[in-house]
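Chemist: One structure, as structure tokens, below. Some questions next.
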Amino acid sequence: MDYKAAGLYTLDEALETVGFGKFQGFVLGYAGLGWFAEAMEIMILSFIGQAVKSEWQLSSDQESLLSTIVFAGMLLGANTWGLLSDNYGRRKGFLTISMVTFGAGLLSTFSPNYLTLVLLRGLVGFGLGGSSVFLSWFLEFIPASNRGMWMVVFSTFWTFGSIFEATLAWIVMPRLNWRWVLAFSAVPSFALLILYGVAPESPRYLCMKGNTSDALRILEKIASVNQTKLPPGVLVSGRSNDKDEESAPSENTAPLLPSLSKSTTQSKSGFSSFFMLFSSKLIRTTLLLWVLFFGDSFSYYGIILLTSKLSSGQSTCFPSLQSNINPQDDGLYLNAFITSMAELPGLLLSAILVDRVGRKHSMAIMFGLAFIFLTPLLIQQPAVLTTCLLFGARMNAMGTFTVASIYSPELYPTSVRTTGAGVASAIGRIGGMVCPLVAVGLVNECHQTAAVALFLVAIVVSIVCIQLFPYDTKGRELSDTS
């Protein structure tokens with residue numbers, strides 16, 4: 001059907017017409033704050049472990065569990081929040097996410113013993129598992145023409161959250177203690193609750209549910225704030241598409257995946273959105289994303305934990321790396337700060353590549369560079385060179401993590417977008433759960449070579465996986481279900 005001749009326009013055409021303006025700037029700030037909060041809570045793992053271990057006389061395995069339990073919570077949360085937001089709305093999703101994360105984060109400050117701290121940090125992880133909801137919500141407000149660039153900008157909130165947490169720990173730990181770091185780190189989640197009232201529902205989600213009148217009101221508000229106008233005509237919920245194959249669309253503006261039928265949409269509820277990920281149209285994409293996110297998370301968090309272990313002077317294996325640093329000294333925080341800063345050029349590189357060479361080639365290039373930087377760490381290197389190599393590895397690992405986070409929700413239709421991206425993220429959390437046991441355990445046992453080799457294998461498997469994706473999503477419209 002010729003929509004324009006019929007006096008109709010789609011949501012994508014409306015977003016292209018109103019453009020990216022002040023309204024999307026607010027959406028960017030709110031969604032970005034969700035990622036800022038998650039980055040801070042994740043980075044805590046690099047700082048409080050040794051302090052808690054010393055205070056409560058914990059074993060290395062108990063210290064590792066403090067990291068693993070957070071990722072276990074994120075594994076459960078990623079599935080739960082995706083299902084919730086796909087069935088009941090993005091706003092309800094991030095409201096409950098913020099409540100759980102803030103409440104558990106604040107309560108963990110007052111933990112009387114190790115077991116209580118483990119349980120509460122696991123609950124924090126459960127809340128943090130909802131990061132894909134913030135990402136998908138923001139994604140659904142952006143015009144397709146420059147979606148890649150703005151998603152990279154969104155990812156800078158993670159990096160600034162990491163940098164801020166390293167700075168916070170650097171200031172607070174020597175003067176107060178780890179409990180204060182936990183308390184201050186819960187503040188961004190509290191800010192999400194304060195600002196929740198002015199956060200709009202996703203118009204794309206509303207269209208998918210057939211509520212075009214509410215979607216139109218939000219689009220009119222976007223146009224008003226951005227000082228633009230909507231296209232003439234009547235908003236329709238989406239284009240019909242009868243393709244049954246999961247293949248690259250022939251036109252650059254065609255939807256990324258075939259739209260699901262209206263009857264399917266109406267019958268979809270509860271866990272059915274999860275099982276739809278294994279339909280004939282989506283199963284290949286789903287399984288490849290799982291492998292990609294596992295390898296990406298395993299290598300990314302491995303580099304973070306290697307930074308704290310190899311640069312903090314905790315290792316007794318390599319005298320040249322020892323510097324008698326304890327959790328109250330500056331070395332650990334300085335090295336974490338420096339390597340966190342590495343994410344900024346990584347984001348710049350991904351911003352340059354993502355809309356030029358596409359998602360697949362961007363990830364392959366940056367994974368290859370991360371492999372090159374990690375390879376020399378198979379053997380002991382001087383402390384300064386170790387920090388430089390970890391800087392380069394983290395720069396590119398962050399770049400691949402960013403592009404993968406953009407690519408994942410783009411591949412799914414609106415009806416299962418946060419579920420699909422959330423489950424892929426959950427599989428990545430399994431990589432994050434295994435990673436502390438590998439990075440901390442093997443390095444503590446003087447098996448640095450084995451630990452780094454595992455990270456290199458994960459990178460190679462991820463590169464192979466990227467080549468198997470059926471198509472790229474650069475510049476293509478998101479798929480809806482109506």
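We name chains A, B, ... following the order of the structure tokens; residues begin at 1 in each chain, and ligands are numbered from 1 as shown.
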For Lys474 of chain A, work out the shell of residues within 6 Å, counting only C-alpha atoms and skipping chain neighbours fewer than 2 positions away, then give it as an mmCIF file with N, CA and C atoms, in the first residue's frame.

Modeler:
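The result, stored in result.cif:
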data_model
loop_
_atom_site.group_PDB
_atom_site.id
_atom_site.type_symbol
_atom_site.label_atom_id
_atom_site.label_comp_id
_atom_site.auth_asym_id
_atom_site.auth_seq_id
_atom_site.Cartn_x
_atom_site.Cartn_y
_atom_site.Cartn_z
ATOM 1 N N GLY A 358 28.968 -0.620 9.483
ATOM 2 C CA GLY A 358 27.918 -1.517 9.947
ATOM 3 C C GLY A 358 28.241 -2.171 11.267
ATOM 4 N N ASP A 472 23.201 -7.223 8.375
ATOM 5 C CA ASP A 472 23.483 -6.090 9.244
ATOM 6 C C ASP A 472 22.212 -5.264 9.402
ATOM 7 N N ARG A 476 18.346 0.555 9.012
ATOM 8 C CA ARG A 476 17.066 -0.072 8.739
ATOM 9 C C ARG A 476 16.038 0.251 9.823
#

Chemist: Which residues of segment 375-439 of chain A sit at most 12 Å from segment 106-128 of chain A, using only C-alpha atoms? Give each one's shortest atom pair and distance in Å (one decimal place), in chain and ascending residue order, as a Markdown table.

Modeler:
| residue | atom | partner | partner_atom | distance |
| --- | --- | --- | --- | --- |
| A:Gly422 | CA | A:Leu128 | CA | 11.1 |
| A:Ser425 | CA | A:Leu128 | CA | 10.9 |
| A:Ala426 | CA | A:Phe126 | CA | 10.5 |
| A:Arg429 | CA | A:Gly125 | CA | 9.9 |
| A:Gly432 | CA | A:Gly125 | CA | 11.5 |
| A:Met433 | CA | A:Gly125 | CA | 11.1 |

Chemist: Would you pick out the contacts of segment 184-193 of chain A at 7 Å or less, using only C-alpha atoms, so that residues sharing its chain but fewer than 4 positions from it are not included, and give the list as a ChimeraX atom specification?

Modeler: /A:33,37,40-41,95,98,101-102,105-106,180

Chemist: Store the residues picked out above, limited to N, CA and C atoms, as a PDB file, in the first residue's frame.

Modeler:
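What ended up in result-v4.pdb:
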ATOM      1  N   LEU A  33      20.854   7.467  32.629  1.00  0.00           N
ATOM      2  CA  LEU A  33      21.037   7.393  34.075  1.00  0.00           C
ATOM      3  C   LEU A  33      20.870   5.960  34.573  1.00  0.00           C
ATOM      4  N   ALA A  37      23.835   4.058  36.538  1.00  0.00           N
ATOM      5  CA  ALA A  37      23.650   3.372  37.816  1.00  0.00           C
ATOM      6  C   ALA A  37      24.182   1.947  37.756  1.00  0.00           C
ATOM      7  N   MET A  40      28.032   1.849  37.834  1.00  0.00           N
ATOM      8  CA  MET A  40      28.562   2.105  39.167  1.00  0.00           C
ATOM      9  C   MET A  40      28.471   0.855  40.034  1.00  0.00           C
ATOM     10  N   GLU A  41      27.319   0.173  39.989  1.00  0.00           N
ATOM     11  CA  GLU A  41      27.138  -1.012  40.819  1.00  0.00           C
ATOM     12  C   GLU A  41      28.067  -2.149  40.388  1.00  0.00           C
ATOM     13  N   LEU A  95      10.283   1.311  36.393  1.00  0.00           N
ATOM     14  CA  LEU A  95       9.891   1.721  37.746  1.00  0.00           C
ATOM     15  C   LEU A  95      10.261   0.649  38.765  1.00  0.00           C
ATOM     16  N   SER A  98      14.081   0.235  39.186  1.00  0.00           N
ATOM     17  CA  SER A  98      14.704   1.265  40.014  1.00  0.00           C
ATOM     18  C   SER A  98      14.394   1.061  41.493  1.00  0.00           C
ATOM     19  N   THR A 101      16.592  -1.966  42.694  1.00  0.00           N
ATOM     20  CA  THR A 101      18.025  -1.643  42.735  1.00  0.00           C
ATOM     21  C   THR A 101      18.353  -0.665  43.851  1.00  0.00           C
ATOM     22  N   PHE A 102      17.550   0.385  43.989  1.00  0.00           N
ATOM     23  CA  PHE A 102      17.813   1.360  45.042  1.00  0.00           C
ATOM     24  C   PHE A 102      17.606   0.751  46.430  1.00  0.00           C
ATOM     25  N   GLY A 105      20.317  -1.849  47.185  1.00  0.00           N
ATOM     26  CA  GLY A 105      21.622  -1.191  47.266  1.00  0.00           C
ATOM     27  C   GLY A 105      21.802  -0.432  48.561  1.00  0.00           C
ATOM     28  N   LEU A 106      20.746   0.277  48.968  1.00  0.00           N
ATOM     29  CA  LEU A 106      20.833   1.032  50.220  1.00  0.00           C
ATOM     30  C   LEU A 106      20.893   0.098  51.423  1.00  0.00           C
ATOM     31  N   TRP A 180      30.106   3.222  52.851  1.00  0.00           N
ATOM     32  CA  TRP A 180      29.762   4.520  52.282  1.00  0.00           C
ATOM     33  C   TRP A 180      29.798   4.488  50.757  1.00  0.00           C
TER      34      TRP A 180
END

Chemist: Taking into account only C-alpha atoms, which residue in the set A:Met208, A:Leu478, A:Met74, A:Leu8 is nearest to Ser145 of chain A?

Modeler: A:Leu478

Chemist: Do a neighbour search on segment 393-398 of chain A at 8 Å with only C-alpha atoms, toss out local chain neighbours closer than 6 positions, and write the hits as a PyMOL selection string.

Modeler: chain A and resi 296+299-300+303-304+339-340+342-347+366-367+369-374

Chemist: Can you work out which one of A:Ala351, A:Leu139, A:Met149, A:Leu389 has the shortest atom-to-atom distance to Pro409 of chain A, counting only C-alpha atoms?

Modeler: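 Closest candidate: A:Leu139.
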
Chemist: Can you list, as JSON, numbers by chain, every protein, DNA or RNA residue that comes within 8 Å of Phe20 of chain A when you count only C-alpha atoms, leaving out same-chain residues fewer than 5 positions away?

Modeler: {"A": [15, 25, 142, 143, 226]}

Chemist: Considering only C-alpha atoms, state which residue in the set A:Leu442, A:Ser462, A:Val403, A:Pro231 is at the smallest distance from Ile352 of chain A.

Modeler: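 Looking only at the distances to Ile352 of chain A, the closest residue turns out to be A:Val403.
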
Chemist: Of the candidates A:Val438, A:Ile163, A:Ile194, A:Val133, which shows the shortest atom-to-atom distance to Ala39 of chain A, using only C-alpha atoms?

Modeler: A:Ile163

Chemist: If we count only C-alpha atoms, what is near Ala144 of chain A at a cut-off of 6 Å, once residues fewer than 2 positions away on the same chain are taken out, given as a ChimeraX atom specification?

Modeler: /A:146-147,475,477

Chemist: Name the closest residue to Leu66 of chain A among the candidates A:Met341, A:Leu437, A:Val423, A:Cys388; distances are taken between atoms, counting only C-alpha atoms.

Modeler: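 Selected residue with least distance to Leu66 of chain A: A:Leu437.
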
Chemist: In terms of the shortest atom-to-atom distance over only C-alpha atoms, which of A:Leu456, A:Ala51, A:Ala166, A:Cys207 is closest to Thr414 of chain A?

Modeler: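 Of the candidates, the smallest distance to Thr414 of chain A is held by A:Cys207.
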
Chemist: Could you state the separation of atom CA of Pro203 of chain A and atom CA of Gly82 of chain A in Å, given to one decimal place?

Modeler: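 Interatomic distance here is 17.3 Å.
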
Chemist: If you run DSSP on the backbone here, which positions in segment 35-265 of chain A get helix (DSSP H, G or I)? Please write them as an MDAnalysis selection string.

Modeler: chainID A and resid 35:46 48:56 60:88 90:108 114:128 131:139 144:172 178:185 187:198 203:208 212:225 262:265

Chemist: Which value, in Å to one decimal, gives the distance between atom CA of Ala215 of chain A and atom CA of Gly148 of chain A?

Modeler: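 Atom CA of Gly148 of chain A lies at a distance of 23.5 Å from atom CA of Ala215 of chain A.
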
Chemist: One decimal, Å: what's the distance from atom CA of Tyr30 of chain A over to atom CA of Val416 of chain A, could you say?

Modeler: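 Atom-to-atom, atom CA of Tyr30 of chain A and atom CA of Val416 of chain A are spaced 22.3 Å apart.
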